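Dropping run.txt in here (compact mmCIF, C-alpha atoms):
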```txt
# COMPACT_ATOMS: atom_id res chain seq x y z
CA MET T 30 0.00 0.00 0.00
CA GLY T 31 1.37 3.40 -1.03
CA ASP T 32 2.15 6.38 1.13
CA ARG T 33 -1.05 8.08 0.00
CA HIS T 34 -3.13 5.20 1.26
CA ARG T 35 -1.15 5.12 4.48
CA LEU T 36 -1.76 8.83 4.99
CA TYR T 37 -5.47 8.38 4.34
CA ARG T 38 -5.59 5.39 6.69
CA GLY T 39 -3.96 7.58 9.32
CA LEU T 40 -6.59 10.28 8.82
CA VAL T 41 -9.35 7.69 9.12
CA ARG T 42 -8.18 7.20 12.73
CA LEU T 43 -9.68 10.62 13.49
CA TYR T 44 -13.21 9.22 13.09
CA PRO T 45 -15.11 7.91 16.14
CA SER T 46 -14.03 4.41 17.12
CA GLN T 47 -17.34 2.72 16.27
CA PHE T 48 -17.42 4.17 12.76
CA ARG T 49 -13.75 3.24 12.32
CA ARG T 50 -14.36 -0.33 13.44
CA ASP T 51 -17.25 -0.72 11.02
CA TYR T 52 -15.91 1.05 7.96
CA SER T 53 -12.17 1.84 8.06
CA ASP T 54 -11.29 -0.93 5.58
CA ASP T 55 -14.13 0.13 3.26
CA LEU T 56 -13.00 3.76 3.43
CA VAL T 57 -9.41 2.89 2.54
CA GLN T 58 -10.54 0.52 -0.23
CA HIS T 59 -12.81 3.27 -1.57
CA PHE T 60 -9.95 5.76 -1.51
CA ALA T 61 -7.67 3.28 -3.32
CA ASP T 62 -10.36 2.80 -5.99
CA LEU T 63 -10.64 6.56 -6.40
CA VAL T 64 -6.86 6.88 -6.85
CA THR T 65 -6.85 4.06 -9.42
CA ASP T 66 -9.82 5.45 -11.36
CA ARG T 67 -9.27 9.18 -11.25
CA GLY T 68 -5.74 9.81 -10.05
CA ALA T 69 -4.33 10.93 -6.73
CA ARG T 70 -5.13 14.61 -7.16
CA ALA T 71 -8.84 14.05 -7.83
CA ALA T 72 -9.02 11.48 -5.04
CA TRP T 73 -7.48 13.87 -2.53
CA ALA T 74 -9.63 16.78 -3.72
CA ARG T 75 -12.73 14.76 -2.95
CA THR T 76 -11.60 13.10 0.24
CA SER T 77 -10.07 16.16 1.88
CA LEU T 78 -13.38 18.00 1.71
CA ASP T 79 -15.11 14.85 2.90
CA LEU T 80 -12.71 14.48 5.84
CA THR T 81 -13.09 18.15 6.79
CA ILE T 82 -16.85 17.91 6.94
CA THR T 83 -17.43 14.41 8.29
CA ILE T 84 -14.79 14.13 11.04
CA PRO T 85 -16.23 16.95 13.20
CA ARG T 86 -19.78 15.95 12.25
CA TYR T 87 -19.43 12.29 13.23
CA ARG T 88 -17.51 13.26 16.37
CA LEU T 89 -20.29 15.63 17.36
CA GLU T 90 -22.93 13.01 16.62
CA GLN T 91 -21.07 10.55 18.79
CA LEU T 92 -20.86 13.10 21.59
CA MET T 93 -24.55 13.90 21.39
CA ASN T 94 -25.90 10.38 21.12
CA GLN T 95 -28.17 9.20 23.89
CA HIS T 96 -25.51 7.41 25.88
CA GLN T 97 -23.07 10.28 26.04
CA SER T 98 -25.32 13.32 25.98
CA THR T 99 -25.59 13.24 29.77
CA THR T 100 -21.82 13.61 30.04
CA ALA T 101 -21.86 16.48 27.55
CA LEU T 102 -24.65 18.18 29.50
CA ASN T 103 -22.85 17.67 32.80
CA ILE T 104 -19.73 19.28 31.37
CA THR T 105 -21.81 22.18 30.02
CA VAL T 106 -23.52 22.72 33.38
CA GLY T 107 -20.16 22.54 35.13
CA LEU T 108 -18.60 25.07 32.78
CA ILE T 109 -21.52 27.50 33.11
CA CYS T 110 -21.40 27.27 36.92
CA LEU T 111 -17.63 27.65 36.84
CA GLY T 112 -18.01 30.76 34.70
CA GLY T 113 -20.57 32.05 37.17
CA VAL T 114 -18.24 31.56 40.15
CA ALA T 115 -15.36 33.13 38.26
CA MET T 116 -17.47 36.18 37.39
CA LEU T 117 -18.64 36.53 40.99
CA THR T 118 -15.03 36.52 42.21
CA LEU T 119 -14.51 39.46 39.85
CA ASP T 120 -17.53 41.22 41.42
CA SER T 121 -19.55 40.89 38.23
CA GLN T 122 -23.29 40.41 38.55
CA ILE T 123 -23.28 38.32 35.37
CA GLY T 124 -21.99 35.54 37.62
CA ILE T 125 -25.38 35.28 39.33
CA VAL T 126 -27.10 34.95 35.93
CA LEU T 127 -24.65 32.25 34.87
CA LEU T 128 -25.11 30.35 38.13
CA ILE T 129 -28.91 30.48 37.80
CA ALA T 130 -28.64 29.35 34.16
CA GLY T 131 -26.32 26.51 35.15
CA LEU T 132 -28.61 25.39 37.96
CA ALA T 133 -31.66 25.57 35.67
CA LEU T 134 -29.92 23.48 33.04
CA GLY T 135 -28.76 21.07 35.72
CA LEU T 136 -32.30 20.66 37.03
CA THR T 137 -33.77 20.08 33.57
CA GLN T 138 -31.36 17.23 32.91
CA ARG T 139 -31.80 15.83 36.42
CA SER T 140 -33.90 12.92 35.24
CA ALA T 141 -31.35 11.93 32.61
CA LEU T 142 -28.51 12.19 35.14
CA ALA T 143 -30.46 10.25 37.74
CA ALA T 144 -31.16 7.51 35.20
CA SER T 145 -27.48 7.20 34.35
CA LEU T 146 -26.52 7.13 38.04
CA ARG T 147 -28.91 4.32 38.85
CA VAL T 148 -27.04 1.81 36.69
CA PRO T 149 -25.33 -0.53 39.16
CA ASP T 150 -21.60 -0.43 38.54
CA SER T 151 -19.13 -0.90 41.37
CA SER T 152 -16.14 0.03 39.29
CA LEU T 153 -17.79 3.28 38.17
CA ARG T 154 -18.80 3.98 41.77
CA ARG T 155 -15.21 3.54 42.96
CA LYS T 156 -13.96 5.69 40.09
CA ARG T 157 -16.36 8.51 40.92
CA LEU T 158 -15.55 8.41 44.64
CA ARG T 159 -11.82 8.29 43.91
CA THR T 160 -12.15 11.28 41.58
CA ALA T 161 -14.10 13.15 44.27
CA ALA T 162 -11.32 12.43 46.77
CA VAL T 163 -8.59 13.62 44.39
CA LEU T 164 -10.55 16.78 43.58
CA GLY T 165 -11.23 17.39 47.27
CA VAL T 166 -7.54 17.12 48.13
CA THR T 167 -6.68 19.37 45.18
CA PHE T 168 -9.12 21.99 46.39
CA ALA T 169 -7.88 21.77 49.98
CA LEU T 170 -4.24 22.13 48.90
CA SER T 171 -5.08 25.06 46.60
CA LEU T 172 -6.99 26.81 49.36
CA ALA T 173 -4.26 26.21 51.93
CA THR T 174 -1.56 27.47 49.56
CA PHE T 175 -3.70 30.47 48.68
CA GLU T 176 -4.19 31.36 52.35
CA LEU T 177 -0.48 31.06 53.03
CA THR T 178 0.67 33.10 50.04
CA VAL T 179 -2.08 35.68 49.65
CA GLY T 180 -0.88 39.25 49.88
CA ASP T 181 -2.17 42.75 49.14
CA SER T 182 -1.94 42.35 45.40
CA TRP T 183 -3.30 39.59 43.14
CA THR T 184 -0.37 37.62 41.72
CA ILE T 185 -0.08 35.07 38.95
CA THR T 186 0.22 32.35 41.61
CA ASP T 187 -3.15 33.39 43.02
CA THR T 188 -4.66 33.19 39.53
CA LEU T 189 -3.19 29.73 38.99
CA LEU T 190 -4.51 28.56 42.36
CA ALA T 191 -7.96 29.93 41.50
CA ILE T 192 -7.89 28.17 38.12
CA ILE T 193 -7.02 24.86 39.81
CA GLY T 194 -9.02 25.24 43.01
CA THR T 195 -12.33 26.58 41.69
CA PRO T 196 -13.12 23.70 39.32
CA ALA T 197 -12.01 21.23 41.98
CA MET T 198 -14.31 22.92 44.52
CA ILE T 199 -17.30 22.55 42.17
CA ALA T 200 -16.53 19.12 40.79
CA ALA T 201 -15.59 17.35 44.04
CA PRO T 202 -19.08 17.42 45.62
CA LEU T 203 -20.65 16.52 42.25
CA PHE T 204 -18.45 13.43 41.92
CA LEU T 205 -19.05 12.56 45.58
CA ILE T 206 -22.83 12.70 45.12
CA ALA T 207 -22.61 10.82 41.83
CA GLY T 208 -20.44 8.14 43.42
CA LEU T 209 -22.68 7.72 46.45
CA LEU T 210 -25.76 7.45 44.24
CA THR T 211 -24.21 4.82 41.98
CA PRO T 212 -25.36 1.41 43.26
CA ARG T 213 -22.82 -1.38 43.65
CA SER T 214 -22.97 -4.16 41.06
CA LYS T 215 -24.78 -7.32 42.02
CA ASP T 216 -22.66 -9.20 39.49
CA PRO T 217 -19.72 -10.62 41.52
CA VAL T 218 -17.32 -10.36 38.56
CA ARG T 219 -17.98 -6.67 38.10
CA ALA T 220 -18.05 -6.03 41.83
CA ARG T 221 -14.61 -7.47 42.34
CA MET A 17 -43.78 -6.99 13.84
CA ALA A 18 -45.61 -3.92 12.49
CA GLN A 19 -43.73 -2.12 9.73
CA PRO A 20 -43.16 1.60 10.26
CA ASP A 21 -45.06 4.04 8.10
CA PRO A 22 -42.79 4.99 5.13
CA THR A 23 -43.94 8.61 5.28
CA SER A 24 -42.54 8.89 8.82
CA PHE A 25 -39.04 8.86 7.23
CA LEU A 26 -39.79 11.84 4.98
CA PRO A 27 -38.33 14.15 3.91
CA LEU A 28 -35.21 12.07 3.34
CA PRO A 29 -31.84 13.79 3.42
CA GLN A 30 -30.53 14.21 -0.12
CA ALA A 31 -27.63 11.79 0.31
CA GLN A 32 -29.90 9.05 1.66
CA PHE A 33 -32.33 9.43 -1.22
CA HIS A 34 -29.55 9.28 -3.79
CA VAL A 35 -28.14 6.10 -2.24
CA LEU A 36 -31.59 4.49 -2.08
CA VAL A 37 -32.17 5.36 -5.74
CA ALA A 38 -28.78 3.85 -6.64
CA LEU A 39 -29.81 0.65 -4.85
CA THR A 40 -33.11 0.41 -6.73
CA ALA A 41 -31.06 -0.92 -9.67
CA GLY A 42 -29.91 -3.88 -7.56
CA GLU A 43 -27.18 -4.97 -5.17
CA ARG A 44 -24.10 -2.77 -5.21
CA HIS A 45 -20.91 -2.22 -3.24
CA GLY A 46 -19.93 1.19 -1.89
CA TYR A 47 -17.79 2.35 -4.79
CA ALA A 48 -20.45 1.30 -7.33
CA ILE A 49 -23.06 3.24 -5.34
CA MET A 50 -20.90 6.36 -5.50
CA GLN A 51 -20.50 5.95 -9.27
CA ALA A 52 -24.24 5.42 -9.72
CA VAL A 53 -25.04 8.53 -7.67
CA GLU A 54 -22.67 10.59 -9.80
CA THR A 55 -24.18 9.26 -13.01
CA SER A 56 -27.80 9.75 -11.93
CA SER A 57 -27.11 13.32 -10.79
CA ASP A 58 -25.08 14.23 -13.90
CA GLY A 59 -22.01 14.67 -11.73
CA VAL A 60 -23.64 17.23 -9.44
CA VAL A 61 -23.65 15.02 -6.34
CA ARG A 62 -20.15 13.81 -5.52
CA MET A 63 -19.97 11.80 -2.36
CA GLY A 64 -16.77 11.33 -0.44
CA PRO A 65 -16.04 7.94 1.15
CA ALA A 66 -17.06 8.87 4.69
CA THR A 67 -20.24 10.63 3.57
CA LEU A 68 -21.18 7.53 1.60
CA TYR A 69 -20.47 5.03 4.38
CA GLY A 70 -22.03 7.30 7.01
CA THR A 71 -25.16 7.41 4.86
CA LEU A 72 -25.11 3.63 4.36
CA LYS A 73 -24.74 3.15 8.10
CA ARG A 74 -27.83 5.29 8.73
CA LEU A 75 -29.82 3.43 6.10
CA VAL A 76 -28.81 0.09 7.58
CA ASP A 77 -29.59 1.31 11.12
CA GLN A 78 -33.05 2.44 9.95
CA ARG A 79 -33.51 -0.89 8.12
CA LEU A 80 -33.94 0.82 4.78
CA ALA A 81 -30.94 -1.06 3.37
CA GLU A 82 -29.08 -4.19 4.38
CA GLU A 83 -25.70 -5.72 3.86
CA LEU A 84 -25.58 -8.94 1.89
CA ALA A 85 -24.18 -11.95 3.67
CA ARG A 86 -22.72 -13.33 0.41
CA ARG A 87 -21.01 -11.69 -2.56
CA PRO A 88 -23.20 -11.62 -5.69
CA ALA A 89 -20.29 -12.29 -8.06
CA ALA A 90 -17.93 -15.10 -7.16
CA ASP A 91 -14.99 -13.48 -8.96
CA ASP A 92 -15.46 -10.12 -7.27
CA ASP A 93 -13.18 -8.80 -4.54
CA GLN A 94 -14.24 -10.64 -1.39
CA ARG A 95 -13.37 -7.65 0.77
CA ARG A 96 -16.13 -5.54 -0.74
CA ARG A 97 -19.42 -5.34 1.11
CA TYR A 98 -22.60 -5.30 -0.92
CA TYR A 99 -25.82 -3.58 0.02
CA ARG A 100 -29.42 -3.86 -1.17
CA LEU A 101 -32.75 -2.23 -0.45
CA THR A 102 -35.10 -3.76 2.08
CA GLY A 103 -38.85 -3.86 1.50
CA LEU A 104 -39.22 -0.88 3.80
CA GLY A 105 -36.41 0.91 1.92
CA GLU A 106 -38.28 0.44 -1.37
CA ARG A 107 -41.48 1.86 0.09
CA VAL A 108 -39.67 4.83 1.64
CA CYS A 109 -37.85 5.51 -1.64
CA ALA A 110 -41.14 5.41 -3.55
CA ALA A 111 -42.83 7.70 -1.00
CA GLU A 112 -39.98 10.23 -1.26
CA ALA A 113 -40.13 10.07 -5.06
CA ASP A 114 -43.88 10.79 -4.90
CA ARG A 115 -43.30 13.68 -2.52
CA LEU A 116 -40.65 15.20 -4.75
CA SER A 117 -42.65 14.74 -7.93
CA GLY A 118 -45.58 16.53 -6.26
CA LEU A 119 -43.23 19.36 -5.39
CA VAL A 120 -41.91 19.52 -8.96
CA ARG A 121 -45.48 19.57 -10.29
CA GLN A 122 -46.32 22.47 -8.00
CA ALA A 123 -43.20 24.37 -9.05
CA ARG A 124 -44.05 23.88 -12.73
CA THR A 125 -47.61 25.07 -12.13
CA ASN A 126 -46.64 28.13 -10.15
CA LEU A 127 -43.65 29.32 -12.12
CA ARG A 128 -44.01 31.32 -15.29
CA PRO A 129 -44.05 29.20 -18.46
CA GLY A 130 -40.55 28.81 -19.82
CA LEU A 131 -38.84 28.98 -16.43
CA ALA A 132 -39.62 25.43 -15.42
```
Encoded form using structure tokens:
Amino acid sequence: MGDRHRLYRGLVRLYPSQFRRDYSDDLVQHFADLVTDRGARAAWARTSLDLTITIPRYRLEQLMNQHQSTTALNITVGLICLGGVAMLTLDSQIGIVLLIAGLALGLTQRSALAASLRVPDSSLRRKRLRTAAVLGVTFALSLATFELTVGDSWTITDTLLAIIGTPAMIAAPLFLIAGLLTPRSKDPVRAR
Amino acid sequence: MAQPDPTSFLPLPQAQFHVLVALTAGERHGYAIMQAVETSSDGVVRMGPATLYGTLKRLVDQRLAEELARRPAADDDQRRRYYRLTGLGERVCAAEADRLSGLVRQARTNLRPGLA
């Protein structure tokens, strides 16, 4: 297989894993047929446009499918709340609006989140609780360092600590709640 | 099992309709579908590989098309996958063709003579 095919095969890796598993060989075969029939330039002209459009599209579709949309929504809610807290620390009233918007969005997706949390999975439960612990420690260390180093003026260290500590402060309780609400598996293999 | 109503799939995205039309001529593999789409659209619709296989995946997921378990021609490349229309796919394709021909009729009626 030529370098052109190898390059195309490499680019095919950018597609979502499921699509890749199902069609990567067909895509490469199709590209090889195009090169044979119409020449490399025409093949690349067609496939580069195709790659540019379909890679982000299929990635987005994968992100927004039913299984993963809860994660995407959780991240969105987290980011909006984070933005709200950040704005409030800067004495901006927009922060309150962002926090309300984040909470409203969080409440509307509550049923979807609750449904995903009710799936018994001991390993996921442990993972969530472990993440909560790591985030909690990160927040505590950031806060302690901030208290020890804070002075009259706002330094770059303070900014860095805020960037690390604020998300940890928000995410730690969320992961703790999520972990506690995740039932343990009844399946002994998964529970091990 | 009750078959879904073909009109519930309408309007079909352009790429899906083109692929379904290409499959009305019989079983084809991906590259042959692309060639048929180009021919039937006078070269206007040019599908890239991922657009084509993404469309085929949707059609298979919606049970409008299906992959053949065997290769129609024994001497053909065994790596190629062949697709054909399902019964539902035929009905959906016909329903979309009817919808579009109604639209064309309306355009011809409404537009000034000579424009359409």
**Message:** Residues of chain A within 7 Å of chain T, counting only C-alpha atoms - could you list those as a VMD selection string?
**Reply:** chain A and resid 47 64 to 67
**Request:** Can you pull out every residue within 12 Å of Leu116 (chain A), counting only C-alpha atoms, but drop anything in the same chain fewer than 6 positions away, and send it as a ChimeraX atom specification?
**Result:** /A:26-28,30,33,109-110,122-123
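The two atoms in question, CA of Gly131 (chain T) and CA of Glu90 (chain T), are spaced 23.2 Å apart.
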**Item:** Residues near Val166 (chain T), cut-off 12 Å, all atoms listed in the file, skip fewer than 2 positions along chain, as a VMD selection string
**Value:** chain T and resid 159 to 164 168 to 173 193 to 194 197 to 198 200 to 202
**Request:** Excluding Lys156 (chain T) and any residue of its chain fewer than 6 positions from it, enumerate the residues within 12 Å of it, using all atoms listed in the file, and give them as an MDAnalysis selection string.
**Result:** chainID T and resid 150 162:163 204:205 207:209 211 213
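Interatomic distance, CA of Thr71 (chain A) against CA of Val35 (chain A): 7.8 Å.
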**Asked** Quick one: of A:Tyr69, A:Asp114, A:Gln19, A:Leu104, who's nearest to Gly46 (chain A), counting all atoms listed in the file?
**Response** A:Tyr69
**Request:** Mind checking which residues fall within 12 Å of Thr40 (chain A), counting only C-alpha atoms, ignoring those fewer than 5 positions away in the same chain, and posting them as a list in words?
**Result:**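 Everything that qualifies: Phe33, His34, Val35, Ile49, Ala52, Val53, Ser56, Leu80, Ala81, Tyr99, Arg100, Leu101, Thr102, Gly103, Gly105, Glu106, Arg107, Val108, Cys109 and Ala110 of chain A.
Distances to Leu132 (chain T) were evaluated for T:Cys110, T:Leu177, T:Leu153, T:Met116 using only C-alpha atoms, and the minimum falls at T:Cys110.
Distance-wise, CA of Leu128 (chain T) and CA of Arg154 (chain T) end up 27.4 Å apart.
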**Request:** Identify, on the basis of all atoms listed in the file, every residue whose closest approach to Thr188 (chain T) does not exceed 12 Å; exclude the query and any residue fewer than 6 positions from it along the same chain; express the result as an NGL selection string.
**Result:** :T and (115 or 118-119 or 171-172 or 174-175 or 178-179 or 182 or 194-195)
Grab all the atoms of region 17-32 of chain A that the file lists, wrap them in a box along x, y and z, add 3 Å per side, and give me centre plus edge lengths in Å (one decimal) as JSON.
```
{"center_x": -36.6, "center_y": 3.6, "center_z": 6.9, "size_x": 24.0, "size_y": 27.2, "size_z": 20.0}
```
